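Read through the structure below, which is laid out as structure tokens, and then see the notes.
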Amino acid sequence: MTAFTTLQFAVENDIARLVLHRPEQRNALDLDMRREIEEVLRMLRDEPGAKALVIAGSGGAFCAGGDLKSLSSERRPAHVNRERIRRLHVWFDELLDLEMPVIAVVDGPAFGAGFNLALAADFILATPRAQFCAVFVRIGLVPDLGGLQLLPRMVGLQRAKELIFSGRGVGAEEAKALGLVHEILPEGDALAAGIAFAERFRHAPTQAIGMAKTVLNQAFNLDRHALAELEACAQAVALETPYHHAAVADFLARAPLGFVWEKFAPTKGK
């Protein structure tokens, strides 16, 4: 397993876990962390085997956003800054397109780029002390790392404008009411609860879920005819997967199907 300096990464029992680990900096995204996230995503793409990915932070924070200290260490020409942001999207697009369920476990602040990193997940689980904030406007910046696309698709255009223009914080309860948060976790071991949620997918048809996710990610970008064509292509592939053939055989034999979406019981910890 590759050793990382800003992350903790492992795959156990078919579940990948990526923990941002710069607790003194509240897991702010410096250049080293960005490169290491990119490496993790390459591993997940090129060495498949995980059924789901859980992203969390250490030390009571999810991610405080970009590392302002490293960003302000020197002045750069505009074209250099532009290329730095473009480079972010190389790995961020990999994360968005990852054909497996991605679960973000937000405990503490998810600010700026950290907020948008959480938005890249398919499910956000939050502890009661989670705080979400599109903080960019407070330092005279616009949202980066996909926030301008992801946030309005989750909460609507008018609400996204309010959150971005105001730069105000949003607690766990309000985030759930807005549709940002899927579940609010009880106090305890948040990472363990996130892994327990991800384990629901251990016996799921990862290929079918992955292809459905890829098509769903285009649902707001394409018309119904283009989506229908993507649907047809995905279904043609799914019909020839071993998982589908085995499931049909079980159904015809009146045997229980291998995947059932069970009720989630969050882990409370010790």
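In the structure tokens, chains take the letters A, B, ... in the order shown, each chain's residues start at 1, and ligands count up from 1 in the order shown.
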
Stretch 4-8 of chain A: which residues within 10 Å, counting only C-alpha atoms, same-chain residues fewer than 2 positions away excluded, as a list in words? Met1, Thr2, Ala10, Arg17, Leu18, Val19, Leu20, His21, Arg22, Pro23, Asn27, Ala28, Leu29, Asp30, Leu31, Asp32, Met33, Arg34, Arg35, Glu36, Ile37, Glu39, Val40, Ala56, Gly57 and Ser58 of chain A

All residues 12 Å or closer to A:Pro128, only C-alpha atoms, same chain fewer than 6 positions away omitted, as JSON, numbers by chain: {"A": [60, 105, 106, 107, 108, 109, 170, 171, 172, 173, 174, 175, 176, 181, 183, 184, 185, 186, 187, 188, 190]}

Spatial neighbours of A:Glu94, max dist 10 Å, only C-alpha atoms, sep filter under 6 positions, as a list in words: Glu38, Leu41, Arg42, Leu44 and Arg45 of chain A

Got time to write the residues from that selection, C-alpha atoms, as an mmCIF file, in the first residue's frame?
data_model
loop_
_atom_site.group_PDB
_atom_site.id
_atom_site.type_symbol
_atom_site.label_atom_id
_atom_site.label_comp_id
_atom_site.auth_asym_id
_atom_site.auth_seq_id
_atom_site.Cartn_x
_atom_site.Cartn_y
_atom_site.Cartn_z
ATOM 1 C CA GLU A 38 -5.091 12.384 -7.153
ATOM 2 C CA LEU A 41 -8.215 8.185 -7.182
ATOM 3 C CA ARG A 42 -5.822 6.755 -9.767
ATOM 4 C CA LEU A 44 -9.178 3.245 -7.259
ATOM 5 C CA ARG A 45 -9.612 3.623 -11.014
#

Going by DSSP on the backbone, which residues of stretch 105-263 of chain A come out as helix (DSSP H, G or I)? List them as number ranges by chain. A: 113-119, 135-139, 147-155, 157-166, 172-178, 190-201, 206-216, 224-238, 242-252

From the options A:Glu199, A:Glu240, A:Glu12, A:Glu231, which residue's atoms come nearest to A:Glu262, counting only C-alpha atoms? A:Glu199

When you draw a straight line from atom CA of A:Phe201 to atom CA of A:Ala52, how long is it in Å?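 Computed distance, atom CA of A:Phe201 to atom CA of A:Ala52, equals 6.7 Å.
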
Pick from A:Ala16, A:Phe62, A:Gly167, A:Asp67, whichever lies nearest to A:Glu47 using only C-alpha atoms: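 Residue with the minimum atom-to-atom distance to A:Glu47: A:Ala16.
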
May I ask which of the residues A:Arg153, A:Arg138, A:His245, A:Arg200 is the closest one to A:Ala120, counting only C-alpha atoms? A:Arg153

Write out as a PyMOL selection string each polymer residue whose atoms come within 10 Å of stretch 213-219 of chain A, counting only C-alpha atoms; drop sequence neighbours fewer than 3 positions from it. chain A and resi 96-101+122+207-210+222-224+226-231+234

File dump, residues just selected, all heavy atoms, as a short mmCIF file (atom, residue, chain, number, x, y, z; two decimals), in the first residue's frame:
data_model
loop_
_atom_site.label_atom_id
_atom_site.label_comp_id
_atom_site.auth_asym_id
_atom_site.auth_seq_id
_atom_site.Cartn_x
_atom_site.Cartn_y
_atom_site.Cartn_z
N LEU A 96 -15.73 12.87 -9.10
CA LEU A 96 -17.14 12.96 -9.49
C LEU A 96 -17.57 11.79 -10.37
O LEU A 96 -18.71 11.33 -10.29
CB LEU A 96 -17.39 14.28 -10.24
CG LEU A 96 -17.38 15.55 -9.41
CD1 LEU A 96 -17.38 16.77 -10.33
CD2 LEU A 96 -18.56 15.60 -8.47
N ASP A 97 -16.66 11.31 -11.20
CA ASP A 97 -16.98 10.25 -12.16
C ASP A 97 -16.68 8.85 -11.63
O ASP A 97 -16.86 7.87 -12.36
CB ASP A 97 -16.19 10.47 -13.46
CG ASP A 97 -16.59 11.76 -14.17
OD1 ASP A 97 -17.70 12.23 -13.95
OD2 ASP A 97 -15.76 12.28 -14.95
N LEU A 98 -16.21 8.74 -10.40
CA LEU A 98 -15.86 7.43 -9.85
C LEU A 98 -17.09 6.54 -9.82
O LEU A 98 -18.10 6.88 -9.19
CB LEU A 98 -15.30 7.62 -8.43
CG LEU A 98 -14.54 6.45 -7.82
CD1 LEU A 98 -13.29 6.11 -8.62
CD2 LEU A 98 -14.18 6.77 -6.37
N GLU A 99 -17.02 5.41 -10.49
CA GLU A 99 -18.21 4.56 -10.66
C GLU A 99 -18.39 3.60 -9.48
O GLU A 99 -18.40 2.38 -9.61
CB GLU A 99 -18.16 3.82 -11.99
CG GLU A 99 -18.39 4.75 -13.18
CD GLU A 99 -18.85 4.03 -14.43
OE1 GLU A 99 -18.66 2.81 -14.55
OE2 GLU A 99 -19.42 4.71 -15.32
N MET A 100 -18.54 4.20 -8.32
CA MET A 100 -18.92 3.49 -7.10
C MET A 100 -19.54 4.52 -6.16
O MET A 100 -19.32 5.72 -6.33
CB MET A 100 -17.70 2.84 -6.44
CG MET A 100 -16.68 3.83 -5.90
SD MET A 100 -15.28 3.04 -5.04
CE MET A 100 -14.47 2.21 -6.40
N PRO A 101 -20.34 4.11 -5.18
CA PRO A 101 -20.88 5.07 -4.23
C PRO A 101 -19.76 5.75 -3.43
O PRO A 101 -18.82 5.10 -2.99
CB PRO A 101 -21.76 4.21 -3.32
CG PRO A 101 -22.09 3.00 -4.14
CD PRO A 101 -20.87 2.75 -4.96
N ASP A 122 -21.79 11.13 -3.22
CA ASP A 122 -23.16 10.74 -3.53
C ASP A 122 -24.07 10.87 -2.31
O ASP A 122 -25.27 11.10 -2.45
CB ASP A 122 -23.19 9.30 -4.05
CG ASP A 122 -22.32 9.13 -5.28
OD1 ASP A 122 -22.56 9.84 -6.27
OD2 ASP A 122 -21.39 8.30 -5.24
N GLN A 207 -21.16 -2.47 -10.88
CA GLN A 207 -21.16 -2.02 -12.28
C GLN A 207 -22.47 -1.30 -12.63
O GLN A 207 -22.46 -0.25 -13.27
CB GLN A 207 -20.93 -3.20 -13.21
CG GLN A 207 -19.51 -3.75 -13.17
CD GLN A 207 -19.38 -4.97 -14.05
OE1 GLN A 207 -20.11 -5.95 -13.91
NE2 GLN A 207 -18.45 -4.93 -14.98
N ALA A 208 -23.58 -1.85 -12.21
CA ALA A 208 -24.87 -1.23 -12.51
C ALA A 208 -25.00 0.12 -11.79
O ALA A 208 -25.46 1.11 -12.38
CB ALA A 208 -26.02 -2.16 -12.11
N ILE A 209 -24.61 0.15 -10.52
CA ILE A 209 -24.67 1.41 -9.78
C ILE A 209 -23.74 2.44 -10.42
O ILE A 209 -24.10 3.62 -10.58
CB ILE A 209 -24.31 1.19 -8.30
CG1 ILE A 209 -25.47 0.45 -7.59
CG2 ILE A 209 -24.01 2.51 -7.59
CD1 ILE A 209 -25.17 0.08 -6.16
N GLY A 210 -22.55 2.01 -10.80
CA GLY A 210 -21.60 2.92 -11.41
C GLY A 210 -22.11 3.52 -12.71
O GLY A 210 -21.98 4.72 -12.96
N LEU A 222 -28.15 17.15 -20.29
CA LEU A 222 -28.56 16.62 -21.58
C LEU A 222 -30.08 16.58 -21.70
O LEU A 222 -30.79 16.51 -20.69
CB LEU A 222 -27.99 15.21 -21.77
CG LEU A 222 -26.47 15.06 -21.69
CD1 LEU A 222 -26.07 13.60 -21.80
CD2 LEU A 222 -25.78 15.88 -22.77
N ASP A 223 -30.57 16.58 -22.94
CA ASP A 223 -32.01 16.43 -23.13
C ASP A 223 -32.40 14.95 -23.01
O ASP A 223 -31.55 14.07 -22.89
CB ASP A 223 -32.45 17.02 -24.47
CG ASP A 223 -31.84 16.29 -25.68
OD1 ASP A 223 -31.50 15.09 -25.56
OD2 ASP A 223 -31.72 16.93 -26.74
N ARG A 224 -33.68 14.69 -23.05
CA ARG A 224 -34.16 13.34 -22.79
C ARG A 224 -33.71 12.35 -23.85
O ARG A 224 -33.53 11.16 -23.57
CB ARG A 224 -35.69 13.31 -22.66
CG ARG A 224 -36.47 13.67 -23.90
CD ARG A 224 -37.97 13.67 -23.62
NE ARG A 224 -38.74 14.06 -24.78
CZ ARG A 224 -39.18 13.20 -25.70
NH1 ARG A 224 -38.90 11.90 -25.57
NH2 ARG A 224 -39.89 13.62 -26.73
N ALA A 226 -30.79 12.36 -25.53
CA ALA A 226 -29.40 11.99 -25.25
C ALA A 226 -29.33 11.09 -24.02
O ALA A 226 -28.58 10.10 -23.99
CB ALA A 226 -28.55 13.25 -25.03
N LEU A 227 -30.12 11.40 -23.01
CA LEU A 227 -30.13 10.55 -21.81
C LEU A 227 -30.68 9.16 -22.13
O LEU A 227 -30.20 8.15 -21.58
CB LEU A 227 -30.97 11.20 -20.71
CG LEU A 227 -30.29 12.35 -19.96
CD1 LEU A 227 -31.29 13.07 -19.07
CD2 LEU A 227 -29.12 11.84 -19.11
N ALA A 228 -31.68 9.10 -23.00
CA ALA A 228 -32.23 7.79 -23.39
C ALA A 228 -31.17 6.94 -24.10
O ALA A 228 -31.10 5.72 -23.90
CB ALA A 228 -33.44 7.98 -24.30
N GLU A 229 -30.33 7.58 -24.90
CA GLU A 229 -29.26 6.85 -25.57
C GLU A 229 -28.23 6.35 -24.57
O GLU A 229 -27.77 5.19 -24.66
CB GLU A 229 -28.59 7.74 -26.62
CG GLU A 229 -27.52 7.03 -27.45
CD GLU A 229 -28.07 5.84 -28.23
OE1 GLU A 229 -29.26 5.85 -28.59
OE2 GLU A 229 -27.30 4.88 -28.46
N LEU A 230 -27.88 7.18 -23.59
CA LEU A 230 -26.96 6.72 -22.53
C LEU A 230 -27.59 5.58 -21.74
O LEU A 230 -26.90 4.61 -21.38
CB LEU A 230 -26.62 7.88 -21.60
CG LEU A 230 -25.74 9.00 -22.15
CD1 LEU A 230 -25.54 10.08 -21.10
CD2 LEU A 230 -24.39 8.45 -22.60
N GLU A 231 -28.87 5.70 -21.46
CA GLU A 231 -29.59 4.64 -20.75
C GLU A 231 -29.53 3.32 -21.52
O GLU A 231 -29.24 2.25 -20.94
CB GLU A 231 -31.04 5.06 -20.55
CG GLU A 231 -31.97 3.96 -20.04
CD GLU A 231 -33.42 4.33 -20.23
OE1 GLU A 231 -33.85 5.37 -19.69
OE2 GLU A 231 -34.13 3.57 -20.94
N ALA A 234 -25.98 1.84 -21.36
CA ALA A 234 -25.68 1.29 -20.03
C ALA A 234 -26.43 -0.01 -19.80
O ALA A 234 -25.88 -0.99 -19.26
CB ALA A 234 -26.03 2.32 -18.95
#

Looking only at the backbone, which of the residues in stretch 73-217 of chain A does DSSP tag as strand (DSSP E or B), as a list in words?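 Reading the DSSP output for stretch 73-217 of chain A, strand (DSSP E or B) covers Val102, Ile103, Ala104, Val105, Val106, Pro109, Ala110, Phe111, Phe123, Ile124, Leu125, Ala126, Gln131, Phe132, Cys133, Gly169, Val170, Gly171, Glu183 and Ile184 of chain A.
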
Could you work out how far atom CA of A:Phe251 lies from atom CA of A:Ala50, giving the answer in Å with one decimal?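 Interatomic distance, atom CA of A:Ala50 to atom CA of A:Phe251: 26.0 Å.
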
State, in Å with one decimal place, the distance from atom CA of A:Trp91 to atom CA of A:Glu24.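 That distance, rounded to one decimal, is 24.2 Å.
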
Leaving out A:Gln149 and any residue of its chain fewer than 6 positions from it, which residues lie within 10 Å of it when counting only C-alpha atoms, given as a ChimeraX atom specification? /A:116,143,157,160

Output of the above residues as a CSV table (one decimal), in the first residue's frame, restricted to N, CA and C atoms:
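Output below, filename result.csv:
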chain,number,residue,atom,x,y,z
A,116,ASN,N,-17.1,22.0,-1.0
A,116,ASN,CA,-17.3,21.4,-2.4
A,116,ASN,C,-16.8,20.0,-2.5
A,143,PRO,N,-16.4,30.7,-5.7
A,143,PRO,CA,-16.2,29.3,-5.4
A,143,PRO,C,-15.4,28.6,-6.5
A,157,LEU,N,-31.1,27.3,-7.7
A,157,LEU,CA,-30.2,28.4,-8.0
A,157,LEU,C,-30.3,29.6,-7.0
A,160,ALA,N,-28.6,28.7,-3.7
A,160,ALA,CA,-27.2,28.6,-3.9
A,160,ALA,C,-26.6,30.0,-4.0

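Shell of A:Arg26 at 6 Å, with only C-alpha atoms counted and residues fewer than 4 places along the chain excluded, is A:Ala61, A:Cys63, A:Ala64.
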
Using only C-alpha atoms for the distances, tell me which of A:Gln131, A:Gly146, A:Leu119, A:Arg202 is nearest to A:Gly179.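 Between A:Gln131, A:Gly146, A:Leu119, A:Arg202, the residue approaching A:Gly179 most closely is A:Leu119.
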